[in-house]
Amino acid sequence: MIKSKFRSIWPLCLILLLAACGGEQKNEPWQSSGTERKQNFSSGETTITLSDVDPDTPTDRMHKIRPLANFIAAGLGWDSSRVKVRIARSVEEISVLLEDGRVDIFVDSSYPNLLARRASNSEVILEALVNGERRYQAFILASSTGGMKILEDLIDHKIALQERYSTSGYLLPAAFLVEQKLPLTFMPVQDTRPPKGTIGFFFSGDEENTIAMIRNRKVAAGAVSSTDYEHLPNALKQEFVILAKTRHIPRKMATMRNGFDPELKLKIINILLSITDEDRRKMVSESGWNWEFITLDKESHAGMLAIDKMIDQISHLTSH
């Protein structure tokens, strides 16, 4: 995302069936429930602001994060109003909010988290699982009837990636292709042809659009997360050939701003690690999101090093 958030099988299939209709979803205007990090109540109590990034449906994202904010407040013995939720519109914005202290905790996919860490000097404090899944990878798919058999067949053709800050829909496949010494060219305008001898890529917007474009032969290939692919019906999977599978990396992370109170930081980490199955069921019933956090280990740090390397590998692709 920024990032790839998961939907149920039925909405994905429905969108694929209706892709040709060209319907356009209307999103609610951006808004935030948080303003300043140290908002002063009449009692002079300090507040905490929890954040995520969503440029398209921030109100929905705020609703999904609210139960986690309430859980943190309860664990601290605070009124729920003291833990705010603020939704940023971009990685650039969340980086500024972390740097100047208007956001304290940022929970999102690994790629935007590490981009924000670079810009704001924030600290990754925990990994977060998505529906019990700690790691994932990206698949580069082509139509089974499109004549694409190997990655080199994509040269002089277009591929669909998801969006600029998607971990599985951009970072993983783009870095993988760069590692394979294949020439990638960013195409801001979808209907143009890539320069000869290169693979042109553009952003489809989401994984459903990517899948639909491959099926309709509007692109030679596209990238989706392994989780999204596994959720496709078997009959639909038969329409694709997997040209490549990328390495596995951490799904999600929690980051804390630089300069946060050390004692309070430790309390919050322990609160997040204390979430039980019963707590998760309650939060799922309230928002549909399953929050589970684990401590950082050698695997976490190896994954972060790999992501940092990939960020450097693709930094030139969309810089002009």
# chains A, B, ... in the order shown; residues from 1 in each chain; ligands from 1
$ residues_around --residues "region 186-193 of chain A" --least-positions-apart "2" --cutoff "6 Å" --atoms "only C-alpha atoms" --output "PyMOL selection string"
chain A and resi 200-202
$ write_last_selection --atoms "C-alpha atoms" --output "short mmCIF file (atom, residue, chain, number, x, y, z; two decimals), in the first residue's frame"
data_model
loop_
_atom_site.label_atom_id
_atom_site.label_comp_id
_atom_site.auth_asym_id
_atom_site.auth_seq_id
_atom_site.Cartn_x
_atom_site.Cartn_y
_atom_site.Cartn_z
CA GLY A 200 7.16 -1.16 -19.21
CA PHE A 201 5.23 -1.06 -15.95
CA PHE A 202 2.42 1.09 -14.66
#
$ residues_around --residues "region 75-78 of chain A" --least-positions-apart "3" --cutoff "10 Å" --atoms "only C-alpha atoms" --output "tab-separated table (two decimals) with N, CA and C atoms, in the first residue's frame"
chain	number	residue	atom	x	y	z
A	45	GLU	N	-3.77	15.57	30.71
A	45	GLU	CA	-3.27	14.23	30.43
A	45	GLU	C	-2.71	14.13	29.01
A	47	THR	N	-1.85	12.28	25.45
A	47	THR	CA	-2.54	11.33	24.57
A	47	THR	C	-1.52	10.63	23.68
A	69	ALA	N	-6.80	0.69	19.19
A	69	ALA	CA	-6.55	1.88	20.01
A	69	ALA	C	-7.25	1.76	21.36
A	70	ASN	N	-8.47	1.25	21.35
A	70	ASN	CA	-9.21	1.06	22.60
A	70	ASN	C	-8.51	0.04	23.50
A	71	PHE	N	-7.95	-1.00	22.89
A	71	PHE	CA	-7.25	-2.04	23.66
A	71	PHE	C	-6.02	-1.46	24.33
A	72	ILE	N	-5.27	-0.63	23.61
A	72	ILE	CA	-4.09	0.01	24.20
A	72	ILE	C	-4.50	0.91	25.37
A	81	SER	N	-10.58	7.88	24.91
A	81	SER	CA	-10.38	9.14	24.19
A	81	SER	C	-8.92	9.58	24.19
A	82	ARG	N	-8.10	8.99	25.05
A	82	ARG	CA	-6.70	9.40	25.13
A	82	ARG	C	-5.80	8.69	24.12
A	83	VAL	N	-6.34	7.68	23.42
A	83	VAL	CA	-5.60	7.04	22.33
A	83	VAL	C	-6.32	7.37	21.03
A	264	LEU	N	6.81	4.26	28.78
A	264	LEU	CA	5.52	4.08	28.13
A	264	LEU	C	5.66	3.16	26.92
A	267	LYS	N	5.58	-0.40	28.11
A	267	LYS	CA	4.21	-0.77	28.49
A	267	LYS	C	3.37	-1.10	27.26
A	268	ILE	N	3.48	-0.27	26.23
A	268	ILE	CA	2.68	-0.48	25.02
A	268	ILE	C	3.10	-1.76	24.30
A	270	ASN	N	4.33	-4.44	25.67
A	270	ASN	CA	3.78	-5.56	26.46
A	270	ASN	C	2.28	-5.69	26.28
A	271	ILE	N	1.58	-4.57	26.14
A	271	ILE	CA	0.14	-4.61	25.91
A	271	ILE	C	-0.16	-5.27	24.57
A	272	LEU	N	0.57	-4.88	23.53
A	272	LEU	CA	0.33	-5.44	22.20
A	272	LEU	C	0.65	-6.94	22.17
A	274	SER	N	0.26	-8.91	24.60
A	274	SER	CA	-0.66	-9.61	25.50
A	274	SER	C	-2.02	-9.92	24.87
$ select_by_dssp --residues "region 47-84 of chain A" --states "strand (DSSP E or B)" --output "ChimeraX atom specification"
/A:48-53,83-84
$ write_last_selection --atoms "N, CA and C atoms" --output "mmCIF file, in the first residue's frame"
data_model
loop_
_atom_site.group_PDB
_atom_site.id
_atom_site.type_symbol
_atom_site.label_atom_id
_atom_site.label_comp_id
_atom_site.auth_asym_id
_atom_site.auth_seq_id
_atom_site.Cartn_x
_atom_site.Cartn_y
_atom_site.Cartn_z
ATOM 1 N N ILE A 48 -1.956 9.539 23.063
ATOM 2 C CA ILE A 48 -1.164 8.778 22.094
ATOM 3 C C ILE A 48 -1.947 8.740 20.796
ATOM 4 N N THR A 49 -1.244 8.819 19.668
ATOM 5 C CA THR A 49 -1.904 8.732 18.364
ATOM 6 C C THR A 49 -1.380 7.537 17.594
ATOM 7 N N LEU A 50 -2.308 6.693 17.185
ATOM 8 C CA LEU A 50 -2.038 5.483 16.408
ATOM 9 C C LEU A 50 -2.401 5.770 14.960
ATOM 10 N N SER A 51 -1.593 5.262 14.005
ATOM 11 C CA SER A 51 -1.825 5.651 12.611
ATOM 12 C C SER A 51 -1.595 4.519 11.625
ATOM 13 N N ASP A 52 -2.171 4.695 10.448
ATOM 14 C CA ASP A 52 -1.966 3.850 9.276
ATOM 15 C C ASP A 52 -2.054 4.776 8.075
ATOM 16 N N VAL A 53 -1.777 4.256 6.886
ATOM 17 C CA VAL A 53 -1.862 5.044 5.664
ATOM 18 C C VAL A 53 -2.951 4.473 4.772
ATOM 19 N N VAL A 83 -6.344 7.683 23.421
ATOM 20 C CA VAL A 83 -5.596 7.043 22.330
ATOM 21 C C VAL A 83 -6.316 7.367 21.032
ATOM 22 N N LYS A 84 -5.733 8.260 20.258
ATOM 23 C CA LYS A 84 -6.323 8.758 19.025
ATOM 24 C C LYS A 84 -5.996 7.855 17.839
#
$ closest_residue --among "A:Val219, A:Ile242, A:Ile94, A:Ala235" --to "Leu151 (chain A)" --atoms "only C-alpha atoms"
A:Ile242
$ closest_atom_pairs --of "region 264-316 of chain A" --to "region 247-252 of chain A" --cutoff "8 Å" --atoms "only C-alpha atoms" --output "CSV"
residue,atom,partner,partner_atom,distance
A:Ser300,CA,A:Pro250,CA,6.9
A:Gly303,CA,A:Ile249,CA,5.4
A:Met304,CA,A:Pro250,CA,7.8
A:Ala306,CA,A:Ile249,CA,7.9
A:Ile307,CA,A:Ile249,CA,7.6
$ write_last_selection --atoms "C-alpha atoms" --output "mmCIF file, in the first residue's frame"
data_model
loop_
_atom_site.group_PDB
_atom_site.id
_atom_site.type_symbol
_atom_site.label_atom_id
_atom_site.label_comp_id
_atom_site.auth_asym_id
_atom_site.auth_seq_id
_atom_site.Cartn_x
_atom_site.Cartn_y
_atom_site.Cartn_z
ATOM 1 C CA SER A 300 12.716 -10.066 11.518
ATOM 2 C CA GLY A 303 13.786 -9.450 6.535
ATOM 3 C CA MET A 304 14.280 -5.758 7.252
ATOM 4 C CA ALA A 306 16.416 -7.495 2.650
ATOM 5 C CA ILE A 307 13.666 -4.877 2.325
#
$ closest_residue --among "A:Gly146, A:Pro58, A:Pro67, A:Pro233" --to "Trp289 (chain A)" --atoms "only C-alpha atoms"
A:Pro67
$ residues_around --residues "Ile294 (chain A)" --least-positions-apart "2" --cutoff "7 Å" --atoms "only C-alpha atoms" --output "PyMOL selection string"
chain A and resi 126-128+273+292+296
$ decode --residues "region 255-292 of chain A" --atoms "N, CA and C atoms" --output "mmCIF file, in the first residue's frame"
data_model
loop_
_atom_site.group_PDB
_atom_site.id
_atom_site.type_symbol
_atom_site.label_atom_id
_atom_site.label_comp_id
_atom_site.auth_asym_id
_atom_site.auth_seq_id
_atom_site.Cartn_x
_atom_site.Cartn_y
_atom_site.Cartn_z
ATOM 1 N N THR A 255 5.718 0.479 14.134
ATOM 2 C CA THR A 255 6.822 1.420 14.299
ATOM 3 C C THR A 255 6.444 2.474 15.327
ATOM 4 N N MET A 256 7.418 2.918 16.104
ATOM 5 C CA MET A 256 7.184 3.970 17.091
ATOM 6 C C MET A 256 8.104 5.149 16.777
ATOM 7 N N ARG A 257 7.591 6.350 16.973
ATOM 8 C CA ARG A 257 8.363 7.559 16.652
ATOM 9 C C ARG A 257 9.598 7.666 17.530
ATOM 10 N N ASN A 258 10.603 8.339 17.026
ATOM 11 C CA ASN A 258 11.818 8.611 17.771
ATOM 12 C C ASN A 258 11.509 9.544 18.950
ATOM 13 N N GLY A 259 12.125 9.279 20.087
ATOM 14 C CA GLY A 259 11.942 10.142 21.249
ATOM 15 C C GLY A 259 10.754 9.809 22.117
ATOM 16 N N PHE A 260 10.057 8.709 21.821
ATOM 17 C CA PHE A 260 8.907 8.326 22.639
ATOM 18 C C PHE A 260 9.377 7.919 24.035
ATOM 19 N N ASP A 261 8.566 8.198 25.040
ATOM 20 C CA ASP A 261 8.925 7.903 26.425
ATOM 21 C C ASP A 261 9.262 6.419 26.589
ATOM 22 N N PRO A 262 10.469 6.082 27.056
ATOM 23 C CA PRO A 262 10.899 4.677 27.119
ATOM 24 C C PRO A 262 10.022 3.801 28.005
ATOM 25 N N GLU A 263 9.583 4.332 29.126
ATOM 26 C CA GLU A 263 8.753 3.541 30.035
ATOM 27 C C GLU A 263 7.403 3.250 29.410
ATOM 28 N N LEU A 264 6.812 4.263 28.779
ATOM 29 C CA LEU A 264 5.523 4.083 28.135
ATOM 30 C C LEU A 264 5.656 3.160 26.921
ATOM 31 N N LYS A 265 6.762 3.267 26.220
ATOM 32 C CA LYS A 265 7.028 2.395 25.071
ATOM 33 C C LYS A 265 7.007 0.928 25.503
ATOM 34 N N LEU A 266 7.695 0.606 26.586
ATOM 35 C CA LEU A 266 7.741 -0.769 27.066
ATOM 36 C C LEU A 266 6.357 -1.257 27.467
ATOM 37 N N LYS A 267 5.576 -0.395 28.113
ATOM 38 C CA LYS A 267 4.212 -0.771 28.488
ATOM 39 C C LYS A 267 3.371 -1.096 27.263
ATOM 40 N N ILE A 268 3.482 -0.272 26.227
ATOM 41 C CA ILE A 268 2.679 -0.481 25.016
ATOM 42 C C ILE A 268 3.097 -1.765 24.304
ATOM 43 N N ILE A 269 4.405 -2.023 24.233
ATOM 44 C CA ILE A 269 4.869 -3.269 23.620
ATOM 45 C C ILE A 269 4.287 -4.473 24.354
ATOM 46 N N ASN A 270 4.334 -4.444 25.673
ATOM 47 C CA ASN A 270 3.782 -5.555 26.456
ATOM 48 C C ASN A 270 2.278 -5.689 26.277
ATOM 49 N N ILE A 271 1.582 -4.568 26.143
ATOM 50 C CA ILE A 271 0.137 -4.610 25.911
ATOM 51 C C ILE A 271 -0.161 -5.272 24.567
ATOM 52 N N LEU A 272 0.575 -4.878 23.534
ATOM 53 C CA LEU A 272 0.333 -5.443 22.202
ATOM 54 C C LEU A 272 0.653 -6.936 22.166
ATOM 55 N N LEU A 273 1.677 -7.341 22.896
ATOM 56 C CA LEU A 273 2.029 -8.764 22.942
ATOM 57 C C LEU A 273 1.057 -9.576 23.793
ATOM 58 N N SER A 274 0.258 -8.908 24.599
ATOM 59 C CA SER A 274 -0.659 -9.613 25.504
ATOM 60 C C SER A 274 -2.016 -9.916 24.871
ATOM 61 N N ILE A 275 -2.221 -9.514 23.625
ATOM 62 C CA ILE A 275 -3.516 -9.752 22.969
ATOM 63 C C ILE A 275 -3.785 -11.251 22.889
ATOM 64 N N THR A 276 -4.911 -11.672 23.423
ATOM 65 C CA THR A 276 -5.271 -13.095 23.459
ATOM 66 C C THR A 276 -6.198 -13.446 22.294
ATOM 67 N N ASP A 277 -6.447 -14.739 22.140
ATOM 68 C CA ASP A 277 -7.392 -15.190 21.109
ATOM 69 C C ASP A 277 -8.768 -14.584 21.339
ATOM 70 N N GLU A 278 -9.172 -14.506 22.598
ATOM 71 C CA GLU A 278 -10.475 -13.910 22.913
ATOM 72 C C GLU A 278 -10.500 -12.429 22.549
ATOM 73 N N ASP A 279 -9.401 -11.728 22.852
ATOM 74 C CA ASP A 279 -9.305 -10.314 22.473
ATOM 75 C C ASP A 279 -9.415 -10.154 20.957
ATOM 76 N N ARG A 280 -8.717 -11.032 20.212
ATOM 77 C CA ARG A 280 -8.752 -10.958 18.751
ATOM 78 C C ARG A 280 -10.153 -11.195 18.214
ATOM 79 N N ARG A 281 -10.839 -12.182 18.772
ATOM 80 C CA ARG A 281 -12.206 -12.454 18.314
ATOM 81 C C ARG A 281 -13.099 -11.239 18.529
ATOM 82 N N LYS A 282 -12.915 -10.575 19.649
ATOM 83 C CA LYS A 282 -13.709 -9.387 19.937
ATOM 84 C C LYS A 282 -13.406 -8.274 18.937
ATOM 85 N N MET A 283 -12.108 -8.054 18.658
ATOM 86 C CA MET A 283 -11.743 -6.991 17.728
ATOM 87 C C MET A 283 -12.173 -7.315 16.295
ATOM 88 N N VAL A 284 -12.123 -8.599 15.943
ATOM 89 C CA VAL A 284 -12.604 -9.001 14.615
ATOM 90 C C VAL A 284 -14.092 -8.722 14.488
ATOM 91 N N SER A 285 -14.838 -9.018 15.549
ATOM 92 C CA SER A 285 -16.286 -8.767 15.495
ATOM 93 C C SER A 285 -16.601 -7.280 15.402
ATOM 94 N N GLU A 286 -15.711 -6.448 15.940
ATOM 95 C CA GLU A 286 -15.944 -5.000 15.922
ATOM 96 C C GLU A 286 -15.504 -4.351 14.614
ATOM 97 N N SER A 287 -14.419 -4.872 14.013
ATOM 98 C CA SER A 287 -13.880 -4.177 12.843
ATOM 99 C C SER A 287 -13.490 -5.081 11.687
ATOM 100 N N GLY A 288 -13.449 -6.381 11.923
ATOM 101 C CA GLY A 288 -13.046 -7.303 10.869
ATOM 102 C C GLY A 288 -11.550 -7.540 10.793
ATOM 103 N N TRP A 289 -10.775 -6.877 11.655
ATOM 104 C CA TRP A 289 -9.321 -7.039 11.622
ATOM 105 C C TRP A 289 -8.831 -7.857 12.805
ATOM 106 N N ASN A 290 -7.883 -8.764 12.501
ATOM 107 C CA ASN A 290 -7.322 -9.664 13.496
ATOM 108 C C ASN A 290 -5.925 -9.173 13.862
ATOM 109 N N TRP A 291 -5.769 -8.613 15.041
ATOM 110 C CA TRP A 291 -4.487 -8.037 15.452
ATOM 111 C C TRP A 291 -3.686 -9.047 16.258
ATOM 112 N N GLU A 292 -2.483 -9.344 15.768
ATOM 113 C CA GLU A 292 -1.575 -10.249 16.481
ATOM 114 C C GLU A 292 -0.152 -9.745 16.289
#
